[in-house]
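Shown here: upload-v8.cif, mmCIF, C-alpha atoms.
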data_target
#
loop_
_atom_site.group_PDB
_atom_site.id
_atom_site.type_symbol
_atom_site.label_atom_id
_atom_site.label_comp_id
_atom_site.auth_asym_id
_atom_site.auth_seq_id
_atom_site.Cartn_x
_atom_site.Cartn_y
_atom_site.Cartn_z
ATOM 1 C CA MET B 7 -50.404 -11.700 10.827
ATOM 2 C CA SER B 8 -47.202 -10.395 12.318
ATOM 3 C CA ILE B 9 -44.345 -12.747 13.205
ATOM 4 C CA LEU B 10 -45.172 -12.279 16.898
ATOM 5 C CA GLU B 11 -48.802 -13.272 16.350
ATOM 6 C CA ILE B 12 -47.749 -16.333 14.321
ATOM 7 C CA ILE B 13 -45.352 -17.490 17.047
ATOM 8 C CA ILE B 14 -47.809 -16.920 19.891
ATOM 9 C CA LEU B 15 -50.776 -18.579 18.162
ATOM 10 C CA ALA B 16 -48.763 -21.593 16.974
ATOM 11 C CA LEU B 17 -47.315 -22.139 20.447
ATOM 12 C CA ILE B 18 -50.772 -21.737 22.005
ATOM 13 C CA GLN B 19 -52.189 -24.384 19.656
ATOM 14 C CA GLY B 20 -49.367 -26.802 20.381
ATOM 15 C CA PHE B 21 -49.319 -26.380 24.152
ATOM 16 C CA THR B 22 -53.083 -26.339 24.663
ATOM 17 C CA GLU B 23 -54.285 -28.982 22.176
ATOM 18 C CA PHE B 24 -53.428 -31.843 24.528
ATOM 19 C CA LEU B 25 -53.760 -30.136 27.907
ATOM 20 C CA PRO B 26 -57.236 -30.105 29.527
ATOM 21 C CA ILE B 27 -57.576 -26.314 29.146
ATOM 22 C CA SER B 28 -59.091 -25.845 25.640
ATOM 23 C CA SER B 29 -57.022 -24.885 22.617
ATOM 24 C CA SER B 30 -60.008 -23.360 20.803
ATOM 25 C CA ALA B 31 -60.639 -20.985 23.707
ATOM 26 C CA HIS B 32 -57.034 -19.829 23.778
ATOM 27 C CA LEU B 33 -57.020 -19.273 20.016
ATOM 28 C CA ILE B 34 -60.270 -17.296 20.078
ATOM 29 C CA LEU B 35 -59.323 -15.106 23.053
ATOM 30 C CA PRO B 36 -56.554 -13.044 21.361
ATOM 31 C CA SER B 37 -59.039 -11.791 18.782
ATOM 32 C CA GLN B 38 -61.709 -11.196 21.443
ATOM 33 C CA ILE B 39 -59.450 -9.429 23.959
ATOM 34 C CA LEU B 40 -56.520 -8.025 21.971
ATOM 35 C CA GLY B 41 -58.408 -7.295 18.774
ATOM 36 C CA TRP B 42 -56.169 -9.495 16.620
ATOM 37 C CA GLU B 43 -57.508 -10.420 13.219
ATOM 38 C CA ASP B 44 -58.677 -14.005 12.695
ATOM 39 C CA GLN B 45 -55.667 -16.162 11.850
ATOM 40 C CA GLY B 46 -57.371 -17.547 8.769
ATOM 41 C CA LEU B 47 -58.152 -20.994 7.435
ATOM 42 C CA ALA B 48 -54.689 -21.748 6.049
ATOM 43 C CA PHE B 49 -53.056 -21.113 9.426
ATOM 44 C CA ASP B 50 -55.666 -23.327 11.130
ATOM 45 C CA VAL B 51 -54.688 -26.136 8.759
ATOM 46 C CA ALA B 52 -50.989 -25.603 9.479
ATOM 47 C CA VAL B 53 -51.200 -25.709 13.270
ATOM 48 C CA HIS B 54 -53.513 -28.737 13.212
ATOM 49 C CA VAL B 55 -51.032 -30.530 10.959
ATOM 50 C CA GLY B 56 -48.266 -29.697 13.429
ATOM 51 C CA THR B 57 -50.147 -31.113 16.418
ATOM 52 C CA LEU B 58 -51.178 -34.191 14.414
ATOM 53 C CA ILE B 59 -47.563 -34.946 13.489
ATOM 54 C CA ALA B 60 -46.578 -34.540 17.154
ATOM 55 C CA VAL B 61 -49.113 -37.020 18.536
ATOM 56 C CA VAL B 62 -48.482 -39.578 15.791
ATOM 57 C CA ILE B 63 -44.713 -39.453 16.284
ATOM 58 C CA TYR B 64 -44.972 -39.617 20.068
ATOM 59 C CA PHE B 65 -47.307 -42.634 19.954
ATOM 60 C CA ARG B 66 -45.754 -44.148 16.822
ATOM 61 C CA LYS B 67 -45.267 -47.592 18.378
ATOM 62 C CA GLU B 68 -48.806 -47.743 19.790
ATOM 63 C CA VAL B 69 -50.255 -46.466 16.509
ATOM 64 C CA ALA B 70 -48.296 -49.042 14.489
ATOM 65 C CA ASP B 71 -49.319 -51.887 16.826
ATOM 66 C CA ILE B 72 -52.982 -50.853 16.803
ATOM 67 C CA LEU B 73 -53.137 -50.458 13.009
ATOM 68 C CA SER B 74 -51.341 -53.761 12.420
ATOM 69 C CA ALA B 75 -53.582 -55.657 14.843
ATOM 70 C CA TRP B 76 -56.719 -54.010 13.478
ATOM 71 C CA PHE B 77 -55.988 -55.040 9.885
ATOM 72 C CA LYS B 78 -54.925 -58.547 10.972
ATOM 73 C CA SER B 79 -58.177 -58.958 12.926
ATOM 74 C CA PHE B 80 -59.973 -59.408 9.588
ATOM 75 C CA GLY B 81 -57.843 -62.484 8.929
ATOM 76 C CA ALA B 82 -56.899 -65.629 10.787
ATOM 77 C CA GLN B 83 -55.359 -63.813 13.765
ATOM 78 C CA GLY B 84 -58.722 -62.661 15.073
ATOM 79 C CA THR B 85 -59.190 -60.013 17.724
ATOM 80 C CA THR B 86 -56.482 -58.931 20.146
ATOM 81 C CA GLU B 87 -56.271 -56.215 22.786
ATOM 82 C CA ASP B 88 -54.729 -53.830 20.241
ATOM 83 C CA SER B 89 -57.300 -54.595 17.530
ATOM 84 C CA LYS B 90 -60.124 -53.981 20.021
ATOM 85 C CA LEU B 91 -58.511 -50.685 20.980
ATOM 86 C CA GLY B 92 -58.476 -49.774 17.291
ATOM 87 C CA TRP B 93 -62.221 -50.410 17.103
ATOM 88 C CA TRP B 94 -62.843 -48.374 20.274
ATOM 89 C CA ILE B 95 -60.906 -45.424 18.805
ATOM 90 C CA ILE B 96 -63.018 -45.616 15.635
ATOM 91 C CA LEU B 97 -66.230 -45.871 17.658
ATOM 92 C CA GLY B 98 -65.191 -42.987 19.901
ATOM 93 C CA THR B 99 -64.573 -40.804 16.839
ATOM 94 C CA VAL B 100 -68.018 -41.264 15.269
ATOM 95 C CA PRO B 101 -70.089 -38.950 17.549
ATOM 96 C CA ALA B 102 -67.720 -35.985 17.192
ATOM 97 C CA ALA B 103 -67.410 -36.494 13.443
ATOM 98 C CA LEU B 104 -71.173 -36.625 12.859
ATOM 99 C CA LEU B 105 -72.128 -33.838 15.234
ATOM 100 C CA GLY B 106 -69.221 -31.754 13.977
ATOM 101 C CA LEU B 107 -70.657 -31.799 10.461
ATOM 102 C CA LEU B 108 -74.218 -31.188 11.637
ATOM 103 C CA LEU B 109 -73.590 -28.449 14.188
ATOM 104 C CA LYS B 110 -70.474 -26.688 12.886
ATOM 105 C CA ASP B 111 -72.377 -23.633 11.625
ATOM 106 C CA VAL B 112 -74.378 -23.316 14.854
ATOM 107 C CA VAL B 113 -71.202 -23.322 16.911
ATOM 108 C CA GLU B 114 -69.498 -20.808 14.609
ATOM 109 C CA LEU B 115 -72.461 -18.435 14.685
ATOM 110 C CA TYR B 116 -73.588 -18.564 18.316
ATOM 111 C CA LEU B 117 -70.971 -20.106 20.607
ATOM 112 C CA ARG B 118 -67.627 -18.500 19.720
ATOM 113 C CA SER B 119 -67.850 -15.747 22.314
ATOM 114 C CA ALA B 120 -65.793 -14.843 25.358
ATOM 115 C CA TRP B 121 -68.853 -15.253 27.618
ATOM 116 C CA VAL B 122 -69.382 -18.831 26.449
ATOM 117 C CA ILE B 123 -65.675 -19.555 26.914
ATOM 118 C CA ALA B 124 -65.752 -18.139 30.452
ATOM 119 C CA ALA B 125 -68.741 -20.298 31.401
ATOM 120 C CA THR B 126 -67.505 -23.552 29.859
ATOM 121 C CA THR B 127 -63.988 -23.021 31.206
ATOM 122 C CA ILE B 128 -65.356 -22.902 34.749
ATOM 123 C CA ILE B 129 -68.083 -25.553 34.410
ATOM 124 C CA PHE B 130 -65.940 -28.211 32.742
ATOM 125 C CA GLY B 131 -63.011 -27.323 34.978
ATOM 126 C CA LEU B 132 -65.128 -28.178 38.029
ATOM 127 C CA LEU B 133 -66.291 -31.385 36.330
ATOM 128 C CA LEU B 134 -62.654 -32.343 35.709
ATOM 129 C CA TRP B 135 -61.907 -31.754 39.402
ATOM 130 C CA TYR B 136 -64.861 -33.973 40.403
ATOM 131 C CA ALA B 137 -63.783 -36.758 38.052
ATOM 132 C CA ASP B 138 -60.209 -36.627 39.321
ATOM 133 C CA ALA B 139 -61.308 -36.656 42.966
ATOM 134 C CA LYS B 140 -64.138 -39.203 42.761
ATOM 135 C CA GLY B 141 -63.211 -41.515 39.884
ATOM 136 C CA LYS B 142 -62.150 -45.047 40.891
ATOM 137 C CA GLN B 143 -59.149 -44.906 38.525
ATOM 138 C CA MET B 144 -58.679 -48.681 38.333
ATOM 139 C CA LYS B 145 -59.184 -49.556 34.654
ATOM 140 C CA THR B 146 -56.406 -49.579 32.080
ATOM 141 C CA ILE B 147 -56.748 -48.564 28.455
ATOM 142 C CA TYR B 148 -57.178 -52.231 27.508
ATOM 143 C CA GLN B 149 -60.183 -52.630 29.806
ATOM 144 C CA LEU B 150 -62.350 -50.348 27.705
ATOM 145 C CA ASN B 151 -65.435 -51.769 26.029
ATOM 146 C CA TRP B 152 -67.681 -50.458 23.294
ATOM 147 C CA LYS B 153 -69.981 -48.699 25.759
ATOM 148 C CA THR B 154 -67.239 -46.746 27.515
ATOM 149 C CA ALA B 155 -65.586 -45.909 24.192
ATOM 150 C CA LEU B 156 -68.892 -44.561 22.852
ATOM 151 C CA LEU B 157 -69.524 -42.518 25.994
ATOM 152 C CA ILE B 158 -66.066 -40.966 25.757
ATOM 153 C CA GLY B 159 -66.816 -40.322 22.075
ATOM 154 C CA PHE B 160 -69.978 -38.404 22.960
ATOM 155 C CA ALA B 161 -67.980 -36.448 25.521
ATOM 156 C CA GLN B 162 -65.520 -35.575 22.754
ATOM 157 C CA ALA B 163 -68.410 -34.228 20.688
ATOM 158 C CA VAL B 164 -69.259 -31.780 23.509
ATOM 159 C CA ALA B 165 -65.819 -30.222 22.947
ATOM 160 C CA MET B 166 -67.235 -28.498 19.864
ATOM 161 C CA ILE B 167 -68.301 -25.817 22.338
ATOM 162 C CA PRO B 168 -65.330 -23.444 22.753
ATOM 163 C CA GLY B 169 -63.795 -23.541 26.210
ATOM 164 C CA THR B 170 -64.744 -27.165 26.867
ATOM 165 C CA SER B 171 -61.385 -28.727 25.843
ATOM 166 C CA ARG B 172 -61.375 -31.891 23.752
ATOM 167 C CA SER B 173 -58.640 -33.504 25.795
ATOM 168 C CA GLY B 174 -60.151 -32.221 29.045
ATOM 169 C CA ILE B 175 -63.638 -33.606 28.457
ATOM 170 C CA THR B 176 -62.388 -36.982 27.178
ATOM 171 C CA MET B 177 -60.060 -37.355 30.178
ATOM 172 C CA THR B 178 -62.936 -36.323 32.451
ATOM 173 C CA ALA B 179 -65.180 -38.980 30.919
ATOM 174 C CA GLY B 180 -62.426 -41.593 31.158
ATOM 175 C CA LEU B 181 -61.825 -40.839 34.850
ATOM 176 C CA LEU B 182 -65.569 -40.903 35.616
ATOM 177 C CA LEU B 183 -65.766 -44.302 33.892
ATOM 178 C CA GLY B 184 -63.057 -45.696 36.161
ATOM 179 C CA MET B 185 -59.910 -45.325 34.057
ATOM 180 C CA ASN B 186 -56.606 -44.444 35.712
ATOM 181 C CA LYS B 187 -54.959 -41.128 34.825
ATOM 182 C CA GLN B 188 -52.364 -42.535 32.432
ATOM 183 C CA SER B 189 -54.938 -44.598 30.540
ATOM 184 C CA ALA B 190 -57.467 -41.753 30.365
ATOM 185 C CA ALA B 191 -54.770 -39.444 28.996
ATOM 186 C CA ARG B 192 -53.392 -41.970 26.503
ATOM 187 C CA PHE B 193 -56.838 -42.844 25.150
ATOM 188 C CA SER B 194 -57.612 -39.142 24.859
ATOM 189 C CA PHE B 195 -54.406 -38.559 22.876
ATOM 190 C CA LEU B 196 -54.963 -41.581 20.605
ATOM 191 C CA LEU B 197 -58.564 -40.465 20.078
ATOM 192 C CA ALA B 198 -57.208 -37.117 18.923
ATOM 193 C CA ILE B 199 -55.476 -38.643 15.889
ATOM 194 C CA PRO B 200 -58.545 -39.419 13.719
ATOM 195 C CA ILE B 201 -60.502 -36.319 14.748
ATOM 196 C CA ILE B 202 -57.583 -33.930 14.117
ATOM 197 C CA SER B 203 -56.926 -35.757 10.813
ATOM 198 C CA MET B 204 -60.532 -35.239 9.742
ATOM 199 C CA MET B 205 -60.490 -31.590 10.808
ATOM 200 C CA GLY B 206 -57.262 -31.053 8.879
ATOM 201 C CA LEU B 207 -58.691 -32.756 5.793
ATOM 202 C CA TYR B 208 -61.916 -30.741 6.021
ATOM 203 C CA TYR B 209 -60.038 -27.453 6.329
ATOM 204 C CA THR B 210 -57.669 -28.448 3.520
ATOM 205 C CA ILE B 211 -60.555 -29.177 1.143
ATOM 206 C CA GLU B 212 -62.233 -25.898 2.135
ATOM 207 C CA LEU B 213 -58.937 -24.112 1.569
ATOM 208 C CA ALA B 214 -58.442 -25.748 -1.830
ATOM 209 C CA LEU B 215 -61.970 -24.916 -2.989
ATOM 210 C CA GLY B 216 -61.938 -21.345 -1.707
ATOM 211 C CA ASP B 217 -60.178 -18.224 -2.815
ATOM 212 C CA HIS B 218 -57.521 -18.043 -0.107
ATOM 213 C CA VAL B 219 -54.112 -16.416 -0.322
ATOM 214 C CA VAL B 220 -51.460 -18.788 1.063
ATOM 215 C CA ASP B 221 -48.314 -17.466 2.721
ATOM 216 C CA TRP B 222 -46.139 -20.586 2.779
ATOM 217 C CA SER B 223 -43.519 -19.179 5.140
ATOM 218 C CA THR B 224 -46.254 -18.479 7.694
ATOM 219 C CA LEU B 225 -47.664 -21.990 7.304
ATOM 220 C CA ILE B 226 -44.287 -23.706 7.650
ATOM 221 C CA LEU B 227 -43.496 -21.700 10.782
ATOM 222 C CA GLY B 228 -46.923 -22.571 12.182
ATOM 223 C CA VAL B 229 -46.415 -26.304 11.533
ATOM 224 C CA VAL B 230 -42.936 -26.367 13.093
ATOM 225 C CA LEU B 231 -43.828 -24.392 16.216
ATOM 226 C CA SER B 232 -47.105 -26.215 16.872
ATOM 227 C CA PHE B 233 -45.335 -29.569 16.377
ATOM 228 C CA LEU B 234 -42.517 -28.752 18.812
ATOM 229 C CA SER B 235 -44.796 -27.329 21.485
ATOM 230 C CA ALA B 236 -47.351 -30.152 21.165
ATOM 231 C CA TYR B 237 -44.677 -32.858 21.392
ATOM 232 C CA ALA B 238 -43.141 -31.208 24.466
ATOM 233 C CA CYS B 239 -46.602 -30.858 26.001
ATOM 234 C CA ILE B 240 -47.472 -34.568 25.564
ATOM 235 C CA PHE B 241 -44.082 -35.638 26.921
ATOM 236 C CA MET B 242 -44.297 -33.449 30.030
ATOM 237 C CA PHE B 243 -47.976 -34.135 30.727
ATOM 238 C CA LEU B 244 -47.585 -37.920 30.728
ATOM 239 C CA LYS B 245 -44.458 -37.656 32.891
ATOM 240 C CA VAL B 246 -46.031 -35.590 35.657
ATOM 241 C CA ILE B 247 -49.727 -36.489 35.587
ATOM 242 C CA GLU B 248 -49.493 -39.113 38.340
ATOM 243 C CA ARG B 249 -47.753 -36.690 40.688
ATOM 244 C CA MET B 250 -49.708 -33.559 39.768
ATOM 245 C CA GLY B 251 -53.148 -34.929 39.048
ATOM 246 C CA MET B 252 -55.649 -32.598 37.392
ATOM 247 C CA LEU B 253 -55.821 -29.988 40.145
ATOM 248 C CA PRO B 254 -53.315 -27.500 38.609
ATOM 249 C CA PHE B 255 -55.330 -27.465 35.376
ATOM 250 C CA VAL B 256 -58.590 -27.082 37.304
ATOM 251 C CA ILE B 257 -57.165 -24.093 39.182
ATOM 252 C CA TYR B 258 -55.918 -22.564 35.918
ATOM 253 C CA ARG B 259 -59.347 -23.001 34.313
ATOM 254 C CA LEU B 260 -61.117 -21.399 37.261
ATOM 255 C CA LEU B 261 -58.730 -18.447 37.310
ATOM 256 C CA LEU B 262 -59.072 -18.020 33.544
ATOM 257 C CA GLY B 263 -62.860 -18.213 33.663
ATOM 258 C CA VAL B 264 -63.205 -15.771 36.547
ATOM 259 C CA GLY B 265 -60.627 -13.452 35.004
ATOM 260 C CA LEU B 266 -62.576 -13.425 31.756
ATOM 261 C CA ILE B 267 -65.818 -12.590 33.538
ATOM 262 C CA VAL B 268 -64.141 -9.728 35.388
ATOM 263 C CA PHE B 269 -62.610 -8.447 32.129
ATOM 264 C CA LEU B 270 -65.926 -8.631 30.278
ATOM 265 C CA THR B 271 -67.857 -6.813 33.000
ATOM 266 C CA LEU B 272 -65.417 -3.909 33.348
#

Structure translated into structure tokens:
Amino acid sequence: MSILEIIILALIQGFTEFLPISSSAHLILPSQILGWEDQGLAFDVAVHVGTLIAVVIYFRKEVADILSAWFKSFGAQGTTEDSKLGWWIILGTVPAALLGLLLKDVVELYLRSAWVIAATTIIFGLLLWYADAKGKQMKTIYQLNWKTALLIGFAQAVAMIPGTSRSGITMTAGLLLGMNKQSAARFSFLLAIPIISMMGLYYTIELALGDHVVDWSTLILGVVLSFLSAYACIFMFLKVIERMGMLPFVIYRLLLGVGLIVFLTL
């Protein structure tokens, strides 16, 4: 890849991983539209590591509190709000992890196309709009239970389909289940930590076992840029979500989806 491609793809990964607009779609589109070569497995690992570092650092206090409470819940302390949240994050990760292993090849072979991205961008954009407009938005992140956590987990599994958006579909599910915007977003971001970790580990093992040429300067640049853009994205999104709502992202998704259809039919 050229330096320009590295910069653009790393920034795309960072900015879109946590916005409800689909990072996978934006990473696939340059190759579909501009004819860029696939960025390769090593670069995928690098940008996922960058976004993982960003979300862990941003939520470092919450992560530390949840982990501490979760481990202590096996002892005399018993369950607390934070330890329950730890269990709900684990439960919400299971569907995506299992279905990801079972259906990965199907998705890679049949669903990584611009037409699929166009359709899912529009469909799940409209669903996000409906959830934002009709959801009761009364529950906080600590009012989750195992049922709602599992439902959000199954929604996360749907994000295997390019164009869906992992953060978008989990926020949509959270809003439909009555969570307020801040809580839906925070649970979505915390839920990203184990699934991105597992994806990074999977890609790393595949990279280690395969015959891949590693350009370390490219990887380091990818990590740094995806980290910076992802951290900035989380910070800005949580600051403005109450004022903006989801409508700007819905409009963007609709414009992107329609624009793709027009481009593909020309």

Leaving out His32 in chain B and any residue of its chain fewer than 2 positions from it, which residues lie within 9 Å of it when counting all atoms listed in the file, given as a PyMOL selection string? chain B and resi 15+18-19+22+27-30+34-36+169

Extract, using all atoms listed in the file, all DNA, RNA and protein residues at most 7 Å from Gly228 in chain B, discarding same-chain residues fewer than 3 positions from it, and format them as a ChimeraX atom specification. /B:12,16,49,52-53,224-225,231-232

For Val122 in chain B, the closest of B:Met166, B:Leu244, B:Leu183, B:Ile201 counting all atoms listed in the file is B:Met166

Could you give me, as JSON lines, every range 121-162 of chain B residue with an atom at most 6 Å from range 256-265 of chain B, plus its closest atom pair and distance in Å to one decimal, counting only C-alpha atoms, rows ordered by chain then number?
{"residue": "B:Ala124", "atom": "CA", "partner": "B:Gly263", "partner_atom": "CA", "distance": 4.3}
{"residue": "B:Thr127", "atom": "CA", "partner": "B:Gly263", "partner_atom": "CA", "distance": 5.5}
{"residue": "B:Ile128", "atom": "CA", "partner": "B:Leu260", "partner_atom": "CA", "distance": 5.2}
{"residue": "B:Gly131", "atom": "CA", "partner": "B:Val256", "partner_atom": "CA", "distance": 5.0}

Please indicate the distance in Å from CA of Ile96 in chain B to CA of Ile202 in chain B, rounded to one decimal place.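 Here the two named atoms are 13.0 Å from each other.
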
If I take CA of Leu105 in chain B and CA of Ala236 in chain B, how far is one from the other in Å, to one decimal?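 Computing the Euclidean distance for CA of Leu105 in chain B and CA of Ala236 in chain B yields 25.7 Å.
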
Determine the nearest neighbour of Lys90 in chain B from the options B:Leu40, B:Leu150, B:Met7, B:Leu58, counting all atoms listed in the file.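 The closest residue to Lys90 in chain B is B:Leu150.
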
Pick from B:Trp42, B:Ile72, B:Thr126, B:Val51 nearest to Val220 in chain B, counting only C-alpha atoms: B:Val51

Result set, the PyMOL selection byres ((chain B and resi 190) around 9) on current file, as a list in words: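 Output from the PyMOL selection byres ((chain B and resi 190) around 9), applied to this file: Gln143, Thr146, Ile147, Thr176, Met177, Thr178, Ala179, Gly180, Leu181, Gly184, Met185, Asn186, Lys187, Gln188, Ser189, Ala191, Arg192, Phe193, Ser194 and Phe195 of chain B.
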
For Tyr208 in chain B: contacts at 12 Å, all atoms listed in the file, fewer than 4 positions along chain excluded, given as a VMD selection string: chain B and resid 47 to 48 50 to 51 54 to 55 103 106 to 107 110 201 to 204 212 to 215

Pick out the residues sitting within 12 Å of Ile63 in chain B, and hand them over as a list in words; count only C-alpha atoms, and ignore anything fewer than 4 positions along from it in its own chain. Gly56, Thr57, Leu58, Ile59, Lys67, Glu68, Val69, Ala70, Phe195, Leu196, Ile199, Phe233, Leu234, Ala236, Tyr237, Ala238, Ile240 and Phe241 of chain B

In Å, how far is it from CA of Ser235 in chain B to CA of Leu17 in chain B?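 So the answer is 5.9 Å.
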